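What follows is one structure encoded as structure tokens, with my remarks underneath.
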Amino acid sequence: MQKLTISGQEFNSRLFLGTGKFSSNQLMEQALIASGSDMVTTALRRVDLQNTEDDILKHINPNRFRLLPNTSGVRTAKEAVFAAELAREALQTNWLKLEIHPDPKYLLADTVETLKACEQLAKKGFIVLPYMQADPILAKQLEEVGAAAVMPLGSPIGSNKGLITREFIKIIIEQANVPVIVDAGIGAPSHAAEAMEMGADAVLVNTAIAVSNDPVMMAEAFKLAVKAGRMAFEAKLVAQLNMAEASSPLTSFLDL
Amino acid sequence: MSFFDTLKQYDWDSIKDNIYAKTEQDVLYALSHKACNLEDFKALISPAAAPYLEQMAQKSMLQTQKRFGKTIQLYVPLYLSNTCSNSCVYCGFSHKNKIERVTLSEEQILKEAIAIKEMGFDHLLLVTGEHQKEAGFAYLMRSIEILRPHFAQISVEVQPMSTEEYQQLMQVGLHAVYVYQETYHQENYKSYHPAGKKSDFTYRLETPDRLGKAGIHKIGLGCLLGLEDWRSDIWHIALHLSYLEKHYWKSRYSISFPRLRPNAGGFQPNMEISDRELLQVICAFRLLNQEVELSLSTRETPTFRDHVFKLGITAMSAGSKTEPGGYAVHTKALEQFEVSDQRSPNEIKVMLQKNQYEAVWKDWDSYM
């Protein structure tokens, strides 16, 4: 299997995890390990940046996982840039998952503010992975202003509805020069496998693992699904055909 | 245009009749689809839904977990002042009551803040009576300014203010405002709130509109269960919530369910709501709205809280003192209401852990 590279950094796994909604930080840590992932995203607002003994951070081993702080909760580019700078200072990382959602109900990304913030942050030297609507034009624009990857949603965050946006994600993948990570809405390993078979470079999963009855086992299930989907993509899926190809009634005369 | 214009389109008595006329069929219909509307909600809070409480609870638990995970946010109220110029008939702070009146000084506020921080809290709810001179806008502004560096999130439950005042408080770090209508029964509202600014039904009713216009992060709604027919009041909260969500889509919403309990000597509730019925209300709200935050205070007993927190609730207070200076300063002030769940925040955390839930102390930050 090919290795995924984002901004020069290699990743062994194409599954990224979020740290929210777990019933305990211990369980979160076990699920992270079982997932085989090597990058996890955590909401800055949940972390006490002044406290070196923060309970969430304590459970994310920095030797094993790259920490991807996210700006979930901010409503404007200005707030996002401010949060990013705090995170860089306190957590010593310039990696950032940019999330701007002024709508607290469906947590959909604000396109205008996201593009603005991505440009500013890339100029300030951040490795920006923006969460975005599954909008192919926006994906290109974000790439142009310096996004290290793009993260289109499969369906609204936490909805577990799978790849409702699949047709647009296909276009994004087809046109992208940076990795495409499907984020949000992936509710089952089969959804993750589908995204990988389509050629997504990685997927990010949180709710489906954290809220399941057995998050550790579910994390492993996603690990296998992501791997299976990627292998299928690399091995090239055979084309789906609508009819049997028994004979060639229109062209067989050429063989006579 | 405000919620008052919407409210005027509804007649209290017909809404009430409507709710009580709902049948088992209506309940089953409401339970069968994914997103409930306000008509379904009537069925879910009606007497006809009582036999379906278990089903409602199961659905509500799963939907809450999906959105909020296996977590409960913890917060604590800090009573800054019990002076009040209102005379609400059910409230211990009523200016007619001859109690010791206390408004904390800056030094006392910080002392309380340190004690609260030591308990583990990062989310703080400031509470006052309604008194312009003693604990008005300027006092709150100053209080938030001095507390802001110590807490990730500061909310208030104080007198209603203007949009401009809310905007100014937001500048110094105000996150959320809880303002309860107490009852949506306009005619009877006056009899519970005979004097003071709170006697103005419309001004209070339009407060969430002013908050929405100010762009506040979170607006808390609620009514006092036990004044009027609670089913009708609860339905009006749902109406208010759906109005607000459509008009002020950048704000989050929270609902609280304070219920009046019969007590010796004090105000007697006109109507009681049982534990079973309160749970029905909580689940009904979750089935109506998957995103709304639902809060459960220490007014409720430990047994009730320990069982109900999983079934739709997203936030709980813990270790609450309802008198100014209750955490560290220890004045002679009387509490606003008696706390039923006296366990410490740590005991609540342990209780949550035993139930495989994580206590969330911090879910916001000063730059937001």
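If you're wondering about the labels, chains in the structure tokens are A, B, ... by order shown, residues count from 1 in each chain, ligands from 1 in order shown.
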
Legend entry - Spatial neighbours of Val177 in chain B, 8 Å, only C-alpha atoms, chain gap at least 3 places, as JSON, numbers by chain: {"B": [155, 156, 157, 211, 216, 218, 219, 220]}

Those residues you just picked out, can you put them in a file as a compact mmCIF listing (two decimals), in the first residue's frame with N, CA, C and O atoms?
# COMPACT_ATOMS: atom_id res chain seq x y z
N SER B 155 -21.31 32.67 31.93
CA SER B 155 -22.69 32.90 31.54
C SER B 155 -23.38 33.69 32.66
O SER B 155 -22.86 33.75 33.77
N VAL B 156 -24.55 34.25 32.35
CA VAL B 156 -25.26 34.99 33.40
C VAL B 156 -26.74 34.61 33.42
O VAL B 156 -27.33 34.26 32.40
N GLU B 157 -27.30 34.72 34.61
CA GLU B 157 -28.75 34.60 34.80
C GLU B 157 -29.11 35.80 35.67
O GLU B 157 -29.03 35.74 36.90
N LEU B 211 -31.07 39.27 22.63
CA LEU B 211 -29.82 38.49 22.73
C LEU B 211 -29.40 37.98 21.36
O LEU B 211 -28.21 38.00 21.01
N ILE B 216 -25.22 36.74 20.66
CA ILE B 216 -24.71 35.95 21.79
C ILE B 216 -24.52 34.49 21.36
O ILE B 216 -25.21 33.99 20.49
N LYS B 218 -24.95 31.70 23.24
CA LYS B 218 -25.96 30.74 23.70
C LYS B 218 -27.07 31.45 24.47
O LYS B 218 -26.80 32.37 25.24
N ILE B 219 -28.31 31.02 24.23
CA ILE B 219 -29.47 31.58 24.91
C ILE B 219 -30.17 30.45 25.66
O ILE B 219 -30.47 29.41 25.08
N GLY B 220 -30.41 30.68 26.95
CA GLY B 220 -31.08 29.66 27.76
C GLY B 220 -32.53 30.03 28.00
O GLY B 220 -32.84 31.14 28.42

Legend entry - Close residues, Tyr189 in chain B itself excluded, 12 Å, only C-alpha atoms, min 2 positions apart in chain, as an MDAnalysis selection string: chainID B and resid 88:89 181:187 191:195 198:202 204:205 223:224 227:228 233

Give one line per residue of range 234-347 of chain B that approaches range 61-73 of chain B to at most 7 Å, naming the two atoms of the closest pair and their distance in Å to one decimal, counting only C-alpha atoms; sort by chain then ascending residue number and deliver it as a tab-separated table.
residue	atom	partner	partner_atom	distance
B:Gln290	CA	B:Gln63	CA	6.5
B:Glu291	CA	B:Arg67	CA	6.9
B:Lys310	CA	B:Met61	CA	6.0
B:Leu311	CA	B:Met61	CA	4.4
B:Gly312	CA	B:Thr64	CA	5.4
B:Thr314	CA	B:Ile72	CA	5.2
B:Ala315	CA	B:Gln73	CA	4.5
B:Met316	CA	B:Gln73	CA	6.2

Distance filter 9 Å, only C-alpha atoms, chain A against chain B, as a CSV table (one decimal) with C-alpha atoms, in the first residue's frame:
chain,number,residue,atom,x,y,z
A,20,GLY,CA,-14.6,14.0,21.2
A,21,LYS,CA,-17.6,12.2,22.7
A,22,PHE,CA,-15.7,9.3,24.4
A,23,SER,CA,-17.0,8.2,27.8
A,24,SER,CA,-13.5,8.6,29.2
A,25,ASN,CA,-10.1,9.6,28.1
A,43,ALA,CA,-10.8,20.6,19.8
A,44,LEU,CA,-8.7,23.4,21.2
A,45,ARG,CA,-11.6,24.6,23.3
A,46,ARG,CA,-11.6,21.3,25.2
A,47,VAL,CA,-7.9,21.6,26.0
A,48,ASP,CA,-6.5,23.7,28.8
A,73,GLY,CA,-16.4,26.5,17.9
A,74,VAL,CA,-14.9,29.6,16.2
A,75,ARG,CA,-17.3,31.6,14.0
A,79,GLU,CA,-11.1,33.9,15.8
A,80,ALA,CA,-9.6,31.0,13.9
A,82,PHE,CA,-6.2,33.8,17.0
A,83,ALA,CA,-6.9,30.2,18.1
A,101,HIS,CA,-18.8,26.9,11.6
A,102,PRO,CA,-21.0,29.8,12.6
A,103,ASP,CA,-24.0,27.5,12.5
A,104,PRO,CA,-24.1,25.5,15.8
A,105,LYS,CA,-26.9,23.3,14.7
A,106,TYR,CA,-25.5,21.5,11.7
A,157,ILE,CA,-20.8,16.3,11.4
A,158,GLY,CA,-22.0,13.5,13.7
A,159,SER,CA,-24.9,12.5,11.4
A,160,ASN,CA,-23.5,9.1,10.6
A,207,THR,CA,-18.7,9.9,16.4
A,208,ALA,CA,-19.1,6.5,14.9
A,210,ALA,CA,-16.7,7.2,20.2
A,211,VAL,CA,-20.4,6.6,20.6

Legend entry - Sel. of strand (DSSP E or B) residues, range 42-247 of chain A, as number ranges by chain: A: 42-43, 66-70, 95-98, 127-132, 150-153, 180-183, 202-205

Output for the residues just chosen: N, CA, C and O atoms as a compact mmCIF listing (two decimals), in the first residue's frame:
# COMPACT_ATOMS: atom_id res chain seq x y z
N THR A 42 -7.97 17.20 18.00
CA THR A 42 -8.66 17.51 19.25
C THR A 42 -9.06 18.98 19.23
O THR A 42 -8.34 19.82 18.71
N ALA A 43 -10.25 19.25 19.79
CA ALA A 43 -10.76 20.62 19.78
C ALA A 43 -9.97 21.46 20.79
O ALA A 43 -9.86 21.09 21.96
N ARG A 66 0.59 12.16 15.82
CA ARG A 66 0.71 13.58 15.54
C ARG A 66 -0.58 14.23 16.00
O ARG A 66 -1.67 13.76 15.69
N LEU A 67 -0.45 15.30 16.79
CA LEU A 67 -1.63 16.01 17.28
C LEU A 67 -2.04 17.05 16.26
O LEU A 67 -1.23 17.85 15.81
N LEU A 68 -3.31 17.01 15.91
CA LEU A 68 -3.85 17.98 14.96
C LEU A 68 -4.90 18.82 15.68
O LEU A 68 -6.06 18.42 15.76
N PRO A 69 -4.50 19.97 16.23
CA PRO A 69 -5.48 20.78 16.95
C PRO A 69 -6.53 21.31 15.97
O PRO A 69 -6.19 21.62 14.83
N ASN A 70 -7.78 21.39 16.40
CA ASN A 70 -8.79 21.99 15.53
C ASN A 70 -9.48 23.17 16.20
O ASN A 70 -9.51 23.29 17.42
N TRP A 95 0.65 22.38 12.75
CA TRP A 95 -0.41 21.67 12.06
C TRP A 95 -1.75 22.16 12.61
O TRP A 95 -1.89 22.35 13.82
N LEU A 96 -2.71 22.32 11.73
CA LEU A 96 -4.00 22.82 12.20
C LEU A 96 -5.14 22.33 11.33
O LEU A 96 -5.09 22.41 10.10
N LYS A 97 -6.15 21.82 11.99
CA LYS A 97 -7.40 21.54 11.27
C LYS A 97 -8.29 22.76 11.43
O LYS A 97 -8.70 23.10 12.54
N LEU A 98 -8.52 23.42 10.29
CA LEU A 98 -9.29 24.66 10.32
C LEU A 98 -10.78 24.33 10.23
O LEU A 98 -11.23 23.69 9.28
N ILE A 127 0.49 24.53 8.66
CA ILE A 127 0.09 23.45 7.76
C ILE A 127 -1.41 23.29 7.97
O ILE A 127 -1.85 22.74 8.97
N VAL A 128 -2.17 23.82 7.02
CA VAL A 128 -3.61 23.96 7.25
C VAL A 128 -4.39 22.86 6.53
O VAL A 128 -4.24 22.66 5.33
N LEU A 129 -5.24 22.17 7.31
CA LEU A 129 -6.15 21.18 6.75
C LEU A 129 -7.57 21.68 6.99
O LEU A 129 -8.10 21.53 8.08
N PRO A 130 -8.18 22.32 5.98
CA PRO A 130 -9.49 22.92 6.22
C PRO A 130 -10.65 21.94 6.05
O PRO A 130 -10.72 21.21 5.06
N TYR A 131 -11.56 21.98 7.03
CA TYR A 131 -12.84 21.29 6.92
C TYR A 131 -13.72 22.14 6.02
O TYR A 131 -13.75 23.36 6.18
N MET A 132 -14.40 21.54 5.07
CA MET A 132 -15.09 22.34 4.06
C MET A 132 -16.33 21.65 3.52
O MET A 132 -16.52 20.46 3.68
N VAL A 150 -7.32 18.94 1.72
CA VAL A 150 -8.68 19.46 1.89
C VAL A 150 -9.53 18.39 2.56
O VAL A 150 -9.29 17.20 2.39
N MET A 151 -10.51 18.85 3.35
CA MET A 151 -11.32 17.91 4.13
C MET A 151 -12.82 18.14 3.87
O MET A 151 -13.51 18.72 4.70
N PRO A 152 -13.31 17.67 2.73
CA PRO A 152 -14.73 17.83 2.46
C PRO A 152 -15.58 16.90 3.33
O PRO A 152 -15.11 15.83 3.73
N LEU A 153 -16.79 17.34 3.61
CA LEU A 153 -17.66 16.52 4.45
C LEU A 153 -18.41 15.49 3.62
O LEU A 153 -18.76 15.74 2.46
N VAL A 180 -6.96 14.47 -0.28
CA VAL A 180 -8.37 14.70 0.04
C VAL A 180 -8.74 13.77 1.20
O VAL A 180 -8.62 12.54 1.08
N ILE A 181 -9.14 14.37 2.29
CA ILE A 181 -9.50 13.58 3.49
C ILE A 181 -11.00 13.77 3.72
O ILE A 181 -11.45 14.89 3.95
N VAL A 182 -11.75 12.70 3.62
CA VAL A 182 -13.19 12.83 3.85
C VAL A 182 -13.44 12.90 5.35
O VAL A 182 -13.05 12.01 6.10
N ASP A 183 -14.09 13.98 5.73
CA ASP A 183 -14.27 14.28 7.15
C ASP A 183 -15.76 14.46 7.39
O ASP A 183 -16.43 15.05 6.57
N ALA A 202 -7.59 9.74 2.64
CA ALA A 202 -7.75 9.34 4.04
C ALA A 202 -9.16 9.70 4.48
O ALA A 202 -9.88 10.42 3.78
N VAL A 203 -9.55 9.19 5.65
CA VAL A 203 -10.82 9.59 6.24
C VAL A 203 -10.60 9.95 7.71
O VAL A 203 -9.67 9.46 8.34
N LEU A 204 -11.48 10.82 8.19
CA LEU A 204 -11.44 11.16 9.61
C LEU A 204 -12.75 10.73 10.25
O LEU A 204 -13.82 11.04 9.75
N VAL A 205 -12.64 10.00 11.35
CA VAL A 205 -13.82 9.44 12.00
C VAL A 205 -13.79 9.78 13.49
O VAL A 205 -12.74 9.72 14.12

Inset, instruction - Enumerate, as a VMD selection string, the complete set of residues in range 56-232 of chain A that a backbone-based DSSP assignment places in alpha helix (DSSP H). - result: chain A and resid 56 to 58 77 to 91 111 to 123 136 to 144 166 to 175 189 to 198 207 to 210 215 to 232

Let me see the file: selected residues, C-alpha atoms, as a short mmCIF file (atom, residue, chain, number, x, y, z; two decimals), in the first residue's frame.
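selection.cif written:
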data_model
loop_
_atom_site.label_atom_id
_atom_site.label_comp_id
_atom_site.auth_asym_id
_atom_site.auth_seq_id
_atom_site.Cartn_x
_atom_site.Cartn_y
_atom_site.Cartn_z
CA ILE A 56 -6.93 14.97 27.17
CA LEU A 57 -3.38 15.68 26.04
CA LYS A 58 -2.01 13.30 28.67
CA ALA A 77 -11.55 33.84 10.30
CA LYS A 78 -10.30 36.27 12.91
CA GLU A 79 -11.13 33.93 15.81
CA ALA A 80 -9.64 30.99 13.93
CA VAL A 81 -6.31 32.75 13.35
CA PHE A 82 -6.17 33.79 16.98
CA ALA A 83 -6.87 30.22 18.15
CA ALA A 84 -4.28 28.83 15.75
CA GLU A 85 -1.58 31.09 17.08
CA LEU A 86 -2.39 30.16 20.66
CA ALA A 87 -2.22 26.50 19.73
CA ARG A 88 1.10 26.85 17.94
CA GLU A 89 2.59 28.60 20.93
CA ALA A 90 1.23 26.20 23.56
CA LEU A 91 1.34 22.89 21.73
CA THR A 111 -16.90 28.94 3.00
CA VAL A 112 -16.01 32.64 2.86
CA GLU A 113 -14.35 32.74 6.28
CA THR A 114 -12.59 29.39 5.78
CA LEU A 115 -10.95 30.54 2.56
CA LYS A 116 -9.89 33.79 4.18
CA ALA A 117 -8.44 32.09 7.26
CA CYS A 118 -6.69 29.39 5.25
CA GLU A 119 -4.85 32.00 3.21
CA GLN A 120 -3.75 33.97 6.27
CA LEU A 121 -2.67 30.87 8.19
CA ALA A 122 -0.73 29.39 5.29
CA LYS A 123 1.15 32.69 5.00
CA PRO A 136 -14.97 21.30 -5.94
CA ILE A 137 -14.33 24.96 -6.75
CA LEU A 138 -13.62 25.75 -3.13
CA ALA A 139 -11.26 22.78 -2.96
CA LYS A 140 -9.22 24.27 -5.79
CA GLN A 141 -9.29 27.73 -4.22
CA LEU A 142 -8.12 26.37 -0.87
CA GLU A 143 -5.34 24.50 -2.63
CA GLU A 144 -4.30 27.74 -4.33
CA ARG A 166 -20.23 11.42 -3.03
CA GLU A 167 -20.64 12.89 -6.53
CA PHE A 168 -18.92 16.12 -5.45
CA ILE A 169 -16.21 14.29 -3.55
CA LYS A 170 -15.45 12.33 -6.71
CA ILE A 171 -14.89 15.60 -8.58
CA ILE A 172 -12.75 16.98 -5.76
CA ILE A 173 -10.60 13.83 -5.81
CA GLU A 174 -10.29 13.92 -9.58
CA GLN A 175 -9.06 17.52 -9.57
CA PRO A 189 -16.79 1.12 8.30
CA SER A 190 -18.53 0.52 4.95
CA HIS A 191 -18.78 4.30 4.45
CA ALA A 192 -15.06 4.63 5.11
CA ALA A 193 -14.29 1.80 2.72
CA GLU A 194 -16.44 3.45 0.06
CA ALA A 195 -14.55 6.73 0.40
CA MET A 196 -11.23 4.93 0.12
CA GLU A 197 -12.37 2.91 -2.91
CA MET A 198 -13.32 6.20 -4.57
CA THR A 207 -18.68 9.90 16.45
CA ALA A 208 -19.05 6.46 14.88
CA ILE A 209 -16.20 5.16 17.04
CA ALA A 210 -16.67 7.18 20.22
CA PRO A 215 -15.20 1.97 20.74
CA VAL A 216 -12.02 -0.12 20.78
CA MET A 217 -13.47 -2.84 18.59
CA MET A 218 -15.11 -0.25 16.33
CA ALA A 219 -11.77 1.53 15.95
CA GLU A 220 -10.24 -1.68 14.71
CA ALA A 221 -13.17 -2.26 12.36
CA PHE A 222 -12.51 1.14 10.80
CA LYS A 223 -8.81 0.37 10.55
CA LEU A 224 -9.58 -2.74 8.52
CA ALA A 225 -12.19 -1.01 6.37
CA VAL A 226 -9.88 1.85 5.49
CA LYS A 227 -7.14 -0.57 4.61
CA ALA A 228 -9.48 -2.73 2.53
CA GLY A 229 -10.84 0.28 0.68
CA ARG A 230 -7.42 1.63 -0.09
CA MET A 231 -6.11 -1.75 -1.27
CA ALA A 232 -9.12 -2.08 -3.56
#

Legend entry - Separation of CA of Glu130 in chain B from CA of Gln159 in chain B in Å: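 The value is 5.1 Å.
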
Legend entry - Separation of CA of Phe65 in chain A from CA of Asp38 in chain A, in Å and rounded to one decimal: 4.6 Å

Legend entry - Distance in Å - CA of Val281 in chain B versus CA of Ala238 in chain B: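 Spanning CA of Val281 in chain B to CA of Ala238 in chain B is a straight-line distance of 10.7 Å.
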
Inset, instruction - Select, from B:Ile19, B:Ala49, B:Val27, B:Ala113, the residue with the minimum atom-to-atom distance to Pro324 in chain B, counting only C-alpha atoms. - result: B:Ala113
